[in-house]
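target-v4.tsv (TSV, C-alpha atoms)
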chain	number	residue	atom	x	y	z
A	5	MET	CA	25.57	42.08	21.83
A	6	SER	CA	25.81	42.37	18.08
A	7	ALA	CA	24.24	39.80	15.79
A	8	GLN	CA	27.51	39.14	13.94
A	9	PRO	CA	28.95	36.33	16.16
A	10	LEU	CA	25.56	34.63	16.27
A	11	PHE	CA	25.29	34.79	12.49
A	12	GLU	CA	28.77	33.31	12.12
A	13	LEU	CA	27.86	30.56	14.54
A	14	TRP	CA	24.77	29.79	12.45
A	15	VAL	CA	26.77	29.73	9.22
A	16	TYR	CA	29.23	27.32	10.84
A	17	LEU	CA	26.56	25.01	12.29
A	18	ALA	CA	24.41	24.99	9.17
A	19	ALA	CA	27.38	23.79	7.13
A	20	THR	CA	28.05	20.73	9.34
A	21	PRO	CA	25.96	17.55	9.32
A	22	LEU	CA	25.21	18.18	13.00
A	23	ALA	CA	22.53	20.78	12.28
A	24	GLY	CA	20.49	18.63	9.89
A	25	LEU	CA	20.70	15.60	12.15
A	26	THR	CA	19.76	17.53	15.29
A	27	LEU	CA	16.92	19.32	13.50
A	28	THR	CA	15.48	15.96	12.35
A	29	LEU	CA	15.56	14.45	15.84
A	30	VAL	CA	14.26	17.57	17.60
A	31	ALA	CA	11.40	17.96	15.09
A	32	TYR	CA	10.54	14.28	15.47
A	33	SER	CA	10.54	14.57	19.29
A	34	VAL	CA	8.13	17.51	19.08
A	35	ALA	CA	5.95	15.61	16.58
A	36	TRP	CA	6.00	12.49	18.76
A	37	TRP	CA	4.95	14.58	21.77
A	38	CYS	CA	2.02	16.02	19.77
A	39	TYR	CA	1.07	12.51	18.62
A	40	LEU	CA	1.02	11.22	22.23
A	41	ARG	CA	-0.84	14.28	23.48
A	42	THR	CA	-3.67	13.59	20.99
A	43	GLY	CA	-3.85	9.97	22.21
A	44	MET	CA	-2.09	8.74	19.02
A	45	HIS	CA	-4.78	10.23	16.83
A	46	PRO	CA	-4.16	8.94	13.28
A	47	VAL	CA	-4.39	12.41	11.75
A	48	ALA	CA	-1.61	13.77	14.02
A	49	ASN	CA	0.88	11.61	12.08
A	50	PRO	CA	4.43	12.15	13.41
A	51	VAL	CA	6.03	11.97	9.93
A	52	MET	CA	3.75	14.70	8.61
A	53	ILE	CA	4.28	17.00	11.61
A	54	SER	CA	8.08	16.50	11.50
A	55	VAL	CA	8.27	17.23	7.76
A	56	CYS	CA	6.18	20.41	8.15
A	57	LEU	CA	8.35	21.64	11.04
A	58	ILE	CA	11.62	20.93	9.23
A	59	VAL	CA	10.49	22.49	5.94
A	60	ALA	CA	9.39	25.60	7.86
A	61	VAL	CA	12.79	25.91	9.60
A	62	LEU	CA	14.75	25.32	6.36
A	63	TRP	CA	12.68	27.89	4.52
A	64	ALA	CA	12.92	30.48	7.27
A	65	SER	CA	16.71	30.08	7.42
A	66	GLY	CA	17.19	29.82	3.65
A	67	THR	CA	18.91	26.41	3.95
A	68	ARG	CA	19.00	24.14	0.89
A	69	TYR	CA	17.66	20.58	1.03
A	70	GLN	CA	21.05	19.20	0.04
A	71	THR	CA	22.70	20.90	3.04
A	72	TYR	CA	20.01	19.55	5.34
A	73	PHE	CA	20.32	16.06	3.87
A	74	ASP	CA	24.08	15.97	4.55
A	75	GLY	CA	23.09	15.59	8.20
A	76	ALA	CA	19.75	13.81	7.83
A	77	GLN	CA	21.30	11.06	5.69
A	78	PHE	CA	22.41	9.30	8.88
A	79	VAL	CA	18.76	8.82	9.81
A	80	HIS	CA	17.82	7.98	6.21
A	81	PHE	CA	20.57	5.35	6.13
A	82	LEU	CA	18.94	3.43	9.01
A	83	LEU	CA	16.01	2.55	6.72
A	84	GLY	CA	18.18	-0.25	5.29
A	85	PRO	CA	18.87	-2.15	8.54
A	86	ALA	CA	15.29	-1.42	9.68
A	87	VAL	CA	13.93	-3.16	6.57
A	88	VAL	CA	16.28	-6.11	7.16
A	89	GLY	CA	15.09	-6.26	10.78
A	90	LEU	CA	11.47	-6.74	9.71
A	91	ALA	CA	12.42	-10.40	9.16
A	92	VAL	CA	12.49	-10.84	12.96
A	93	PRO	CA	8.75	-10.40	13.78
A	94	LEU	CA	7.96	-12.21	10.55
A	95	ALA	CA	10.01	-15.29	11.50
A	96	ARG	CA	8.54	-15.23	15.01
A	97	GLU	CA	4.96	-15.30	13.72
A	98	TRP	CA	5.69	-17.63	10.81
A	99	GLY	CA	3.71	-20.49	12.34
A	100	SER	CA	0.44	-18.54	12.21
A	101	VAL	CA	1.27	-16.63	9.01
A	102	ARG	CA	1.84	-19.87	7.08
A	103	LYS	CA	-1.70	-21.08	7.70
A	104	LEU	CA	-3.03	-17.92	6.08
A	105	ALA	CA	-1.18	-18.30	2.77
A	106	LEU	CA	-4.38	-18.08	0.72
A	107	PRO	CA	-5.79	-14.83	2.27
A	108	ILE	CA	-2.28	-13.33	2.11
A	109	ALA	CA	-1.76	-14.17	-1.57
A	110	GLY	CA	-5.27	-13.06	-2.51
A	111	ALA	CA	-5.05	-9.75	-0.65
A	112	LEU	CA	-1.60	-9.13	-2.10
A	113	VAL	CA	-2.75	-9.56	-5.71
A	114	VAL	CA	-6.00	-7.58	-5.29
A	115	GLY	CA	-4.43	-4.81	-3.18
A	116	SER	CA	-1.40	-4.14	-5.37
A	117	THR	CA	-3.49	-4.20	-8.56
A	118	VAL	CA	-6.09	-1.78	-7.14
A	119	ALA	CA	-3.37	0.58	-5.84
A	120	LEU	CA	-1.53	0.68	-9.17
A	121	VAL	CA	-4.54	0.83	-11.54
A	122	ALA	CA	-6.39	3.47	-9.51
A	123	THR	CA	-3.27	5.64	-9.34
A	124	VAL	CA	-2.40	5.48	-13.03
A	125	VAL	CA	-5.99	5.87	-14.28
A	126	LEU	CA	-6.79	8.83	-12.01
A	127	ALA	CA	-3.50	10.66	-12.54
A	128	HIS	CA	-3.76	10.17	-16.31
A	129	ALA	CA	-7.42	11.24	-16.46
A	130	LEU	CA	-6.68	14.42	-14.48
A	131	GLY	CA	-3.78	15.37	-16.75
A	132	ALA	CA	-0.60	14.50	-14.85
A	133	THR	CA	2.62	14.88	-16.89
A	134	PRO	CA	4.46	11.63	-17.76
A	135	ALA	CA	7.26	12.32	-15.25
A	136	THR	CA	4.72	12.79	-12.45
A	137	LEU	CA	2.69	9.76	-13.54
A	138	LEU	CA	5.72	7.44	-13.59
A	139	SER	CA	6.88	8.75	-10.20
A	140	LEU	CA	3.37	8.24	-8.76
A	141	ALA	CA	2.97	4.65	-10.00
A	142	PRO	CA	5.06	2.96	-7.26
A	143	LYS	CA	3.76	5.22	-4.46
A	144	SER	CA	2.28	2.40	-2.32
A	145	VAL	CA	5.70	0.75	-2.13
A	146	THR	CA	8.19	1.81	0.54
A	147	ALA	CA	10.30	4.90	-0.32
A	148	PRO	CA	13.67	3.20	-1.00
A	149	ILE	CA	12.05	0.62	-3.32
A	150	ALA	CA	9.77	3.22	-4.97
A	151	MET	CA	12.90	5.26	-5.80
A	152	GLY	CA	14.53	2.26	-7.45
A	153	ILE	CA	11.38	1.46	-9.44
A	154	ALA	CA	10.89	5.07	-10.58
A	155	GLN	CA	14.46	5.14	-11.82
A	156	LYS	CA	13.94	1.94	-13.83
A	157	ILE	CA	10.70	3.10	-15.48
A	158	GLY	CA	11.70	6.69	-16.22
A	159	GLY	CA	10.23	8.63	-13.29
A	160	VAL	CA	12.07	10.96	-10.89
A	161	PRO	CA	13.45	8.96	-7.89
A	162	ALA	CA	13.35	11.83	-5.36
A	163	LEU	CA	9.80	12.72	-6.40
A	164	ALA	CA	8.80	9.05	-6.06
A	165	ALA	CA	10.15	9.08	-2.48
A	166	VAL	CA	8.06	12.17	-1.71
A	167	PHE	CA	4.91	10.56	-3.14
A	168	ALA	CA	5.61	7.34	-1.23
A	169	VAL	CA	5.97	9.22	2.06
A	170	THR	CA	2.80	11.25	1.32
A	171	THR	CA	0.91	8.04	0.57
A	172	GLY	CA	2.17	6.47	3.79
A	173	VAL	CA	1.05	9.47	5.85
A	174	ILE	CA	-2.39	9.57	4.18
A	175	GLY	CA	-2.88	5.81	4.53
A	176	ALA	CA	-1.87	5.89	8.21
A	177	ALA	CA	-4.20	8.85	8.82
A	178	LEU	CA	-7.27	7.54	6.94
A	179	GLY	CA	-6.81	3.77	7.43
A	180	LYS	CA	-8.80	3.53	10.65
A	181	TYR	CA	-11.82	5.29	9.11
A	182	VAL	CA	-11.77	3.25	5.89
A	183	LEU	CA	-11.43	-0.02	7.83
A	184	ASP	CA	-14.20	0.93	10.25
A	185	ALA	CA	-16.46	1.86	7.32
A	186	CYS	CA	-15.74	-1.54	5.71
A	187	ARG	CA	-16.52	-3.20	9.07
A	188	VAL	CA	-13.28	-5.20	9.04
A	189	ARG	CA	-12.50	-6.03	12.69
A	190	ASP	CA	-9.88	-8.75	12.19
A	191	TRP	CA	-6.55	-7.21	13.32
A	192	ARG	CA	-4.67	-9.32	10.81
A	193	ALA	CA	-6.72	-7.98	7.88
A	194	ARG	CA	-6.52	-4.39	9.21
A	195	GLY	CA	-2.76	-4.57	9.62
A	196	PHE	CA	-2.21	-6.25	6.27
A	197	ALA	CA	-4.20	-3.53	4.50
A	198	LEU	CA	-2.20	-0.75	6.17
A	199	GLY	CA	1.16	-2.29	5.27
A	200	MET	CA	-0.05	-2.99	1.74
A	201	ALA	CA	-1.30	0.51	0.89
A	202	ALA	CA	0.84	2.65	3.21
A	203	HIS	CA	4.09	0.61	3.48
A	204	GLY	CA	6.46	1.46	6.38
A	205	ILE	CA	4.50	4.43	7.70
A	206	GLY	CA	1.32	2.35	7.76
A	207	THR	CA	3.30	-0.48	9.41
A	208	ALA	CA	4.61	1.90	12.08
A	209	ARG	CA	1.03	3.02	12.74
A	210	ALA	CA	-0.20	-0.61	12.89
A	211	PHE	CA	2.50	-1.55	15.45
A	212	GLN	CA	1.43	1.41	17.60
A	213	VAL	CA	-2.17	0.20	17.63
A	214	ASN	CA	-1.84	-3.59	17.92
A	215	ALA	CA	1.12	-6.01	17.81
A	216	GLU	CA	-0.66	-8.58	15.63
A	217	ALA	CA	-1.73	-5.86	13.18
A	218	GLY	CA	1.90	-4.71	13.10
A	219	THR	CA	3.21	-8.16	12.21
A	220	TYR	CA	0.76	-8.55	9.32
A	221	ALA	CA	1.49	-4.98	8.21
A	222	SER	CA	5.21	-5.70	8.01
A	223	LEU	CA	4.45	-8.89	6.10
A	224	ALA	CA	2.34	-6.98	3.55
A	225	PHE	CA	4.89	-4.17	3.34
A	226	ALA	CA	7.73	-6.63	2.65
A	227	LEU	CA	5.80	-8.78	0.17
A	228	HIS	CA	4.47	-5.75	-1.71
A	229	GLY	CA	7.98	-4.28	-1.91
A	230	PHE	CA	9.32	-7.57	-3.15
A	231	ILE	CA	6.80	-8.24	-5.92
A	232	ALA	CA	6.65	-4.58	-6.99
A	233	ALA	CA	10.44	-4.39	-7.29
A	234	VAL	CA	10.38	-7.40	-9.62
A	235	LEU	CA	7.10	-6.89	-11.54
A	236	PHE	CA	6.98	-3.10	-12.10
A	237	PRO	CA	10.09	-2.84	-14.30
A	238	LEU	CA	9.13	-6.06	-16.16
A	239	GLY	CA	5.54	-4.93	-16.71
A	240	TYR	CA	6.67	-1.50	-17.87
A	241	ALA	CA	9.14	-3.02	-20.35
A	242	LEU	CA	6.35	-5.19	-21.83
A	243	LEU	CA	3.97	-2.22	-22.00
A	244	VAL	CA	6.49	-0.03	-23.80
A	245	ARG	CA	7.38	-2.74	-26.29
A	246	ASN	CA	3.74	-3.35	-27.19
A	247	THR	CA	2.74	0.28	-27.75
B	13	MET	CA	29.42	-6.25	23.30
B	14	SER	CA	26.04	-4.81	24.24
B	15	SER	CA	23.14	-6.73	22.82
B	16	PHE	CA	21.86	-3.77	20.76
B	17	LEU	CA	25.23	-3.33	19.11
B	18	ALA	CA	25.56	-7.06	18.40
B	19	GLY	CA	22.07	-7.20	16.89
B	20	PHE	CA	22.66	-4.05	14.84
B	21	THR	CA	25.90	-5.51	13.52
B	22	TRP	CA	24.04	-8.61	12.33
B	23	LEU	CA	21.44	-6.47	10.57
B	24	LEU	CA	24.23	-4.64	8.72
B	25	VAL	CA	25.94	-7.92	7.82
B	26	PHE	CA	22.70	-9.24	6.31
B	27	GLN	CA	22.14	-5.95	4.49
B	28	CYS	CA	25.62	-6.20	2.99
B	29	ALA	CA	24.97	-9.81	1.98
B	30	GLY	CA	21.69	-8.71	0.36
B	31	GLU	CA	23.41	-5.87	-1.54
B	32	ALA	CA	26.12	-8.25	-2.73
B	33	LEU	CA	23.57	-10.84	-3.84
B	34	VAL	CA	21.46	-8.45	-5.95
B	35	ARG	CA	24.54	-6.85	-7.56
B	36	LEU	CA	26.14	-10.18	-8.42
B	37	ALA	CA	22.91	-11.74	-9.67
B	38	GLY	CA	21.80	-8.52	-11.43
B	39	TRP	CA	18.33	-8.65	-9.84
B	40	PRO	CA	16.24	-5.48	-9.93
B	41	ILE	CA	15.26	-5.69	-6.23
B	42	PRO	CA	16.79	-3.37	-3.58
B	43	GLY	CA	19.57	-4.77	-1.37
B	44	PRO	CA	17.80	-4.35	2.01
B	45	VAL	CA	14.81	-6.39	0.76
B	46	ALA	CA	17.13	-9.21	-0.33
B	47	GLY	CA	18.87	-8.88	3.06
B	48	MET	CA	15.53	-9.27	4.79
B	49	ALA	CA	14.80	-12.44	2.79
B	50	LEU	CA	18.23	-13.86	3.72
B	51	LEU	CA	17.77	-13.05	7.40
B	52	PHE	CA	14.28	-14.53	7.30
B	53	ALA	CA	15.62	-17.79	5.83
B	54	ALA	CA	18.42	-17.87	8.43
B	55	LEU	CA	15.96	-17.33	11.30
B	56	LEU	CA	13.68	-20.12	10.09
B	57	LEU	CA	16.62	-22.52	10.04
B	58	ARG	CA	17.63	-21.42	13.52
B	59	LYS	CA	14.05	-21.73	14.84
B	60	GLN	CA	14.41	-18.71	17.17
B	61	ALA	CA	15.87	-15.23	16.81
B	62	PRO	CA	18.78	-14.42	19.17
B	63	ASP	CA	17.83	-11.85	21.83
B	64	ALA	CA	20.33	-9.32	20.51
B	65	MET	CA	18.65	-9.35	17.12
B	66	THR	CA	15.19	-8.96	18.63
B	67	VAL	CA	16.41	-5.95	20.63
B	68	ALA	CA	18.02	-4.24	17.63
B	69	ALA	CA	15.18	-4.92	15.19
B	70	GLY	CA	12.62	-3.87	17.80
B	71	GLY	CA	14.49	-0.64	18.53
B	72	LEU	CA	14.60	0.33	14.86
B	73	GLY	CA	11.04	-0.85	14.24
B	74	GLN	CA	9.66	1.17	17.12
B	75	HIS	CA	10.59	4.44	15.45
B	76	LEU	CA	10.28	3.32	11.87
B	77	SER	CA	8.35	6.48	11.06
B	78	LEU	CA	11.35	8.69	12.03
B	79	LEU	CA	13.40	7.08	9.26
B	80	PHE	CA	11.03	8.37	6.55
B	81	VAL	CA	11.33	12.01	7.62
B	82	PRO	CA	14.48	12.98	5.60
B	83	ALA	CA	12.94	11.62	2.36
B	84	GLY	CA	9.68	13.41	3.14
B	85	VAL	CA	11.42	16.77	3.56
B	86	GLY	CA	12.48	16.35	-0.10
B	87	VAL	CA	9.01	17.68	-0.98
B	88	MET	CA	10.50	21.20	-0.70
B	89	MET	CA	12.62	20.62	-3.81
B	90	TYR	CA	9.60	19.74	-5.92
B	91	ILE	CA	7.14	22.21	-4.48
B	92	GLY	CA	6.69	23.85	-7.92
B	93	GLN	CA	5.85	20.61	-9.71
B	94	VAL	CA	3.64	19.46	-6.85
B	95	THR	CA	1.60	22.69	-6.73
B	96	ASP	CA	1.29	22.81	-10.56
B	97	GLU	CA	-0.18	19.32	-10.63
B	98	TRP	CA	-1.82	19.29	-7.22
B	99	LEU	CA	-5.17	17.95	-8.43
B	100	PRO	CA	-4.02	14.74	-10.19
B	101	ILE	CA	-1.46	14.09	-7.44
B	102	LEU	CA	-3.85	14.58	-4.54
B	103	ALA	CA	-6.70	12.67	-6.20
B	104	ALA	CA	-4.45	9.75	-7.20
B	105	VAL	CA	-2.84	9.49	-3.77
B	106	VAL	CA	-5.99	9.82	-1.65
B	107	VAL	CA	-8.45	7.82	-3.78
B	108	SER	CA	-6.09	4.97	-4.67
B	109	THR	CA	-4.89	4.65	-1.06
B	110	VAL	CA	-8.45	4.49	0.28
B	111	LEU	CA	-9.47	1.97	-2.41
B	112	ALA	CA	-6.35	-0.15	-1.84
B	113	ILE	CA	-6.89	-0.28	1.94
B	114	ALA	CA	-10.55	-1.27	1.51
B	115	ALA	CA	-9.88	-3.86	-1.23
B	116	THR	CA	-6.96	-5.45	0.64
B	117	ALA	CA	-8.74	-5.68	3.99
B	118	LEU	CA	-11.99	-7.01	2.52
B	119	THR	CA	-10.20	-9.63	0.39
B	120	PHE	CA	-8.07	-10.76	3.35
B	121	ALA	CA	-10.99	-10.93	5.79
B	122	TRP	CA	-13.25	-12.73	3.28
B	123	LEU	CA	-10.66	-15.38	2.36
B	124	ALA	CA	-9.61	-15.90	6.00
B	125	GLN	CA	-13.23	-16.40	7.02
B	126	ARG	CA	-13.90	-18.83	4.14
B	127	GLN	CA	-10.77	-20.78	4.97
B	128	GLY	CA	-11.74	-20.92	8.66
B	129	ARG	CA	-15.19	-22.26	7.77
B	130	MET	CA	-13.75	-24.91	5.45
B	131	ARG	CA	-11.25	-26.07	8.08
B	132	SER	CA	-13.91	-26.39	10.79
B	133	ARG	CA	-16.12	-28.34	8.37
B	134	GLU	CA	-13.26	-30.75	7.65
B	135	ARG	CA	-12.84	-31.38	11.34
B	136	GLN	CA	-16.49	-32.37	11.85
Show me, as structure tokens, the structure contained in the file I just sent.
Amino acid sequence: MSAQPLFELWVYLAATPLAGLTLTLVAYSVAWWCYLRTGMHPVANPVMISVCLIVAVLWASGTRYQTYFDGAQFVHFLLGPAVVGLAVPLAREWGSVRKLALPIAGALVVGSTVALVATVVLAHALGATPATLLSLAPKSVTAPIAMGIAQKIGGVPALAAVFAVTTGVIGAALGKYVLDACRVRDWRARGFALGMAAHGIGTARAFQVNAEAGTYASLAFALHGFIAAVLFPLGYALLVRNT
Amino acid sequence: MSSFLAGFTWLLVFQCAGEALVRLAGWPIPGPVAGMALLFAALLLRKQAPDAMTVAAGGLGQHLSLLFVPAGVGVMMYIGQVTDEWLPILAAVVVSTVLAIAATALTFAWLAQRQGRMRSRERQ
């Protein structure tokens, strides 16, 4: 059998959204299997494994990201309704969340300030270019919000999404070790910290470990997204005007 | 209509309402976040989430990490910029994430503990 018909088949498939969509789901299934096989080890993060697999396939086949995204956008689109749906566990747990208004507000202010200041100071000190710096600044906020913020403050939206996903993966992978080292055993505090620093990917990890941690993670993830979306562009406008 | 489909439809309706709200009001927040706030307010008024909504939100939430994969693959477009500036990027991401997790968890746990002690003292 000659390779010609196979090549034509590949050219046809690669040009339809079907290939990108299928590749995303197959890669994620493989990554999820690996994650389960390691007993949900935090370092075997399914997002990281899926991204590595997909990038390897796209590179090997010489497919452009734009072609891949034509199919993968259907998965990407579901981020919107998924974010809306986070209101459900939040409303269910509202009775217990309400009583913790003070720890929640305190952790929110301290956590978002530390994440932002540490990022900007380190990246600046180590010589990041302005475009990289401004795309890094909102990295602890969930990807769709980080993209919006980066656009408003002069960063690169797609790069901001990449940094946000990287941050989520690293936070989900290292969270357990940092929290154990800090001797924080309260599931609410552990979950809140993961959602705060590692947004949706940290929240996904928290839900896999403990339901209460997941609820507080989604609370932190939502609140952080909310205040960052409002305060980042305002703060940046003030900063630019005064310098 | 199956309960997943009904719940999913509601999520889309609230997302649309959120998008409309931020566009009309000119707020800088993303539509889905406004949609979440609207749904949250509606659920508090209703006291309990309908089963269909719980099923749909739970289904999406269970594989939340899948939804970040397409954006993550975008790294291949910026591989040049990322490798040129790998040191500031890696240091900023790792160090700030570790610090933020530690600071958030310690603040939360400390304030929750303090509050718990004050409440039990009031009761005595």
Chain B contacts to chain A at 6 Å (all atoms listed in the file) as an mmCIF file with C-alpha atoms, keeping the file's coordinate frame:
data_model
loop_
_atom_site.group_PDB
_atom_site.id
_atom_site.type_symbol
_atom_site.label_atom_id
_atom_site.label_comp_id
_atom_site.auth_asym_id
_atom_site.auth_seq_id
_atom_site.Cartn_x
_atom_site.Cartn_y
_atom_site.Cartn_z
ATOM 1 C CA LEU B 23 21.440 -6.470 10.570
ATOM 2 C CA LEU B 24 24.230 -4.640 8.720
ATOM 3 C CA ILE B 41 15.260 -5.690 -6.230
ATOM 4 C CA PRO B 44 17.800 -4.350 2.010
ATOM 5 C CA GLY B 47 18.870 -8.880 3.060
ATOM 6 C CA MET B 48 15.530 -9.270 4.790
ATOM 7 C CA PHE B 52 14.280 -14.530 7.300
ATOM 8 C CA ALA B 69 15.180 -4.920 15.190
ATOM 9 C CA LEU B 72 14.600 0.330 14.860
ATOM 10 C CA LEU B 76 10.280 3.320 11.870
ATOM 11 C CA SER B 77 8.350 6.480 11.060
ATOM 12 C CA LEU B 79 13.400 7.080 9.260
ATOM 13 C CA VAL B 81 11.330 12.010 7.620
ATOM 14 C CA PRO B 82 14.480 12.980 5.600
ATOM 15 C CA GLY B 84 9.680 13.410 3.140
ATOM 16 C CA VAL B 85 11.420 16.770 3.560
ATOM 17 C CA VAL B 87 9.010 17.680 -0.980
ATOM 18 C CA PRO B 100 -4.020 14.740 -10.190
ATOM 19 C CA ALA B 104 -4.450 9.750 -7.200
ATOM 20 C CA VAL B 105 -2.840 9.490 -3.770
ATOM 21 C CA SER B 108 -6.090 4.970 -4.670
ATOM 22 C CA THR B 109 -4.890 4.650 -1.060
ATOM 23 C CA ALA B 112 -6.350 -0.150 -1.840
ATOM 24 C CA ILE B 113 -6.890 -0.280 1.940
ATOM 25 C CA ALA B 115 -9.880 -3.860 -1.230
ATOM 26 C CA THR B 116 -6.960 -5.450 0.640
ATOM 27 C CA ALA B 117 -8.740 -5.680 3.990
ATOM 28 C CA THR B 119 -10.200 -9.630 0.390
ATOM 29 C CA PHE B 120 -8.070 -10.760 3.350
ATOM 30 C CA ALA B 121 -10.990 -10.930 5.790
ATOM 31 C CA LEU B 123 -10.660 -15.380 2.360
ATOM 32 C CA ALA B 124 -9.610 -15.900 6.000
#
So how many Å separate atom CA of Arg102 of chain A and atom CA of Leu223 of chain A, to one decimal? 11.3 Å
What separates atom CA of His45 of chain A and atom CA of Ala68 of chain B is a distance of 27.0 Å
Give the centre and edge lengths of an axis-aligned box, in Å to one decimal, that holds all listed atoms of segment 18-37 of chain B with 4 Å on each side, as AutoDock Vina command-line options.
--center_x 23.8 --center_y -7.9 --center_z 4.4 --size_x 12.7 --size_y 15.7 --size_z 36.1
Among listed residues B:Met65, B:Val106, B:Met89, B:Leu50, nearest Thr21 of chain B (using only C-alpha atoms):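 That would be B:Met65, the residue with the smallest distance to Thr21 of chain B.
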Give me the residues near Trp14 of chain A as an MDAnalysis selection string, where near means some atom within 12 Å (using only C-alpha atoms) and where sequence neighbours in that chain fewer than 4 positions away do not count. chainID A and resid 7:10 18:20 22:23 65:67
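Straight-line separation from atom CA of Leu243 of chain A to atom CA of Val145 of chain A: 20.2 Å.
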Kindly indicate which residue among B:Leu57, B:Leu118, B:Leu51, B:Met88 lies nearest to Gly30 of chain B, using all atoms listed in the file for the distances.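 Of all the options, B:Leu51 lies closest to Gly30 of chain B.
With all atoms listed in the file as the basis for measurement, A:Glu97 is the residue among A:Gln155, A:Ala64, A:Ala217, A:Glu97 that approaches Leu56 of chain B most closely.
Closest approach to Leu55 of chain B among B:Arg126, B:Trp22, B:Arg131, B:Ala114: B:Trp22, based on all atoms listed in the file.
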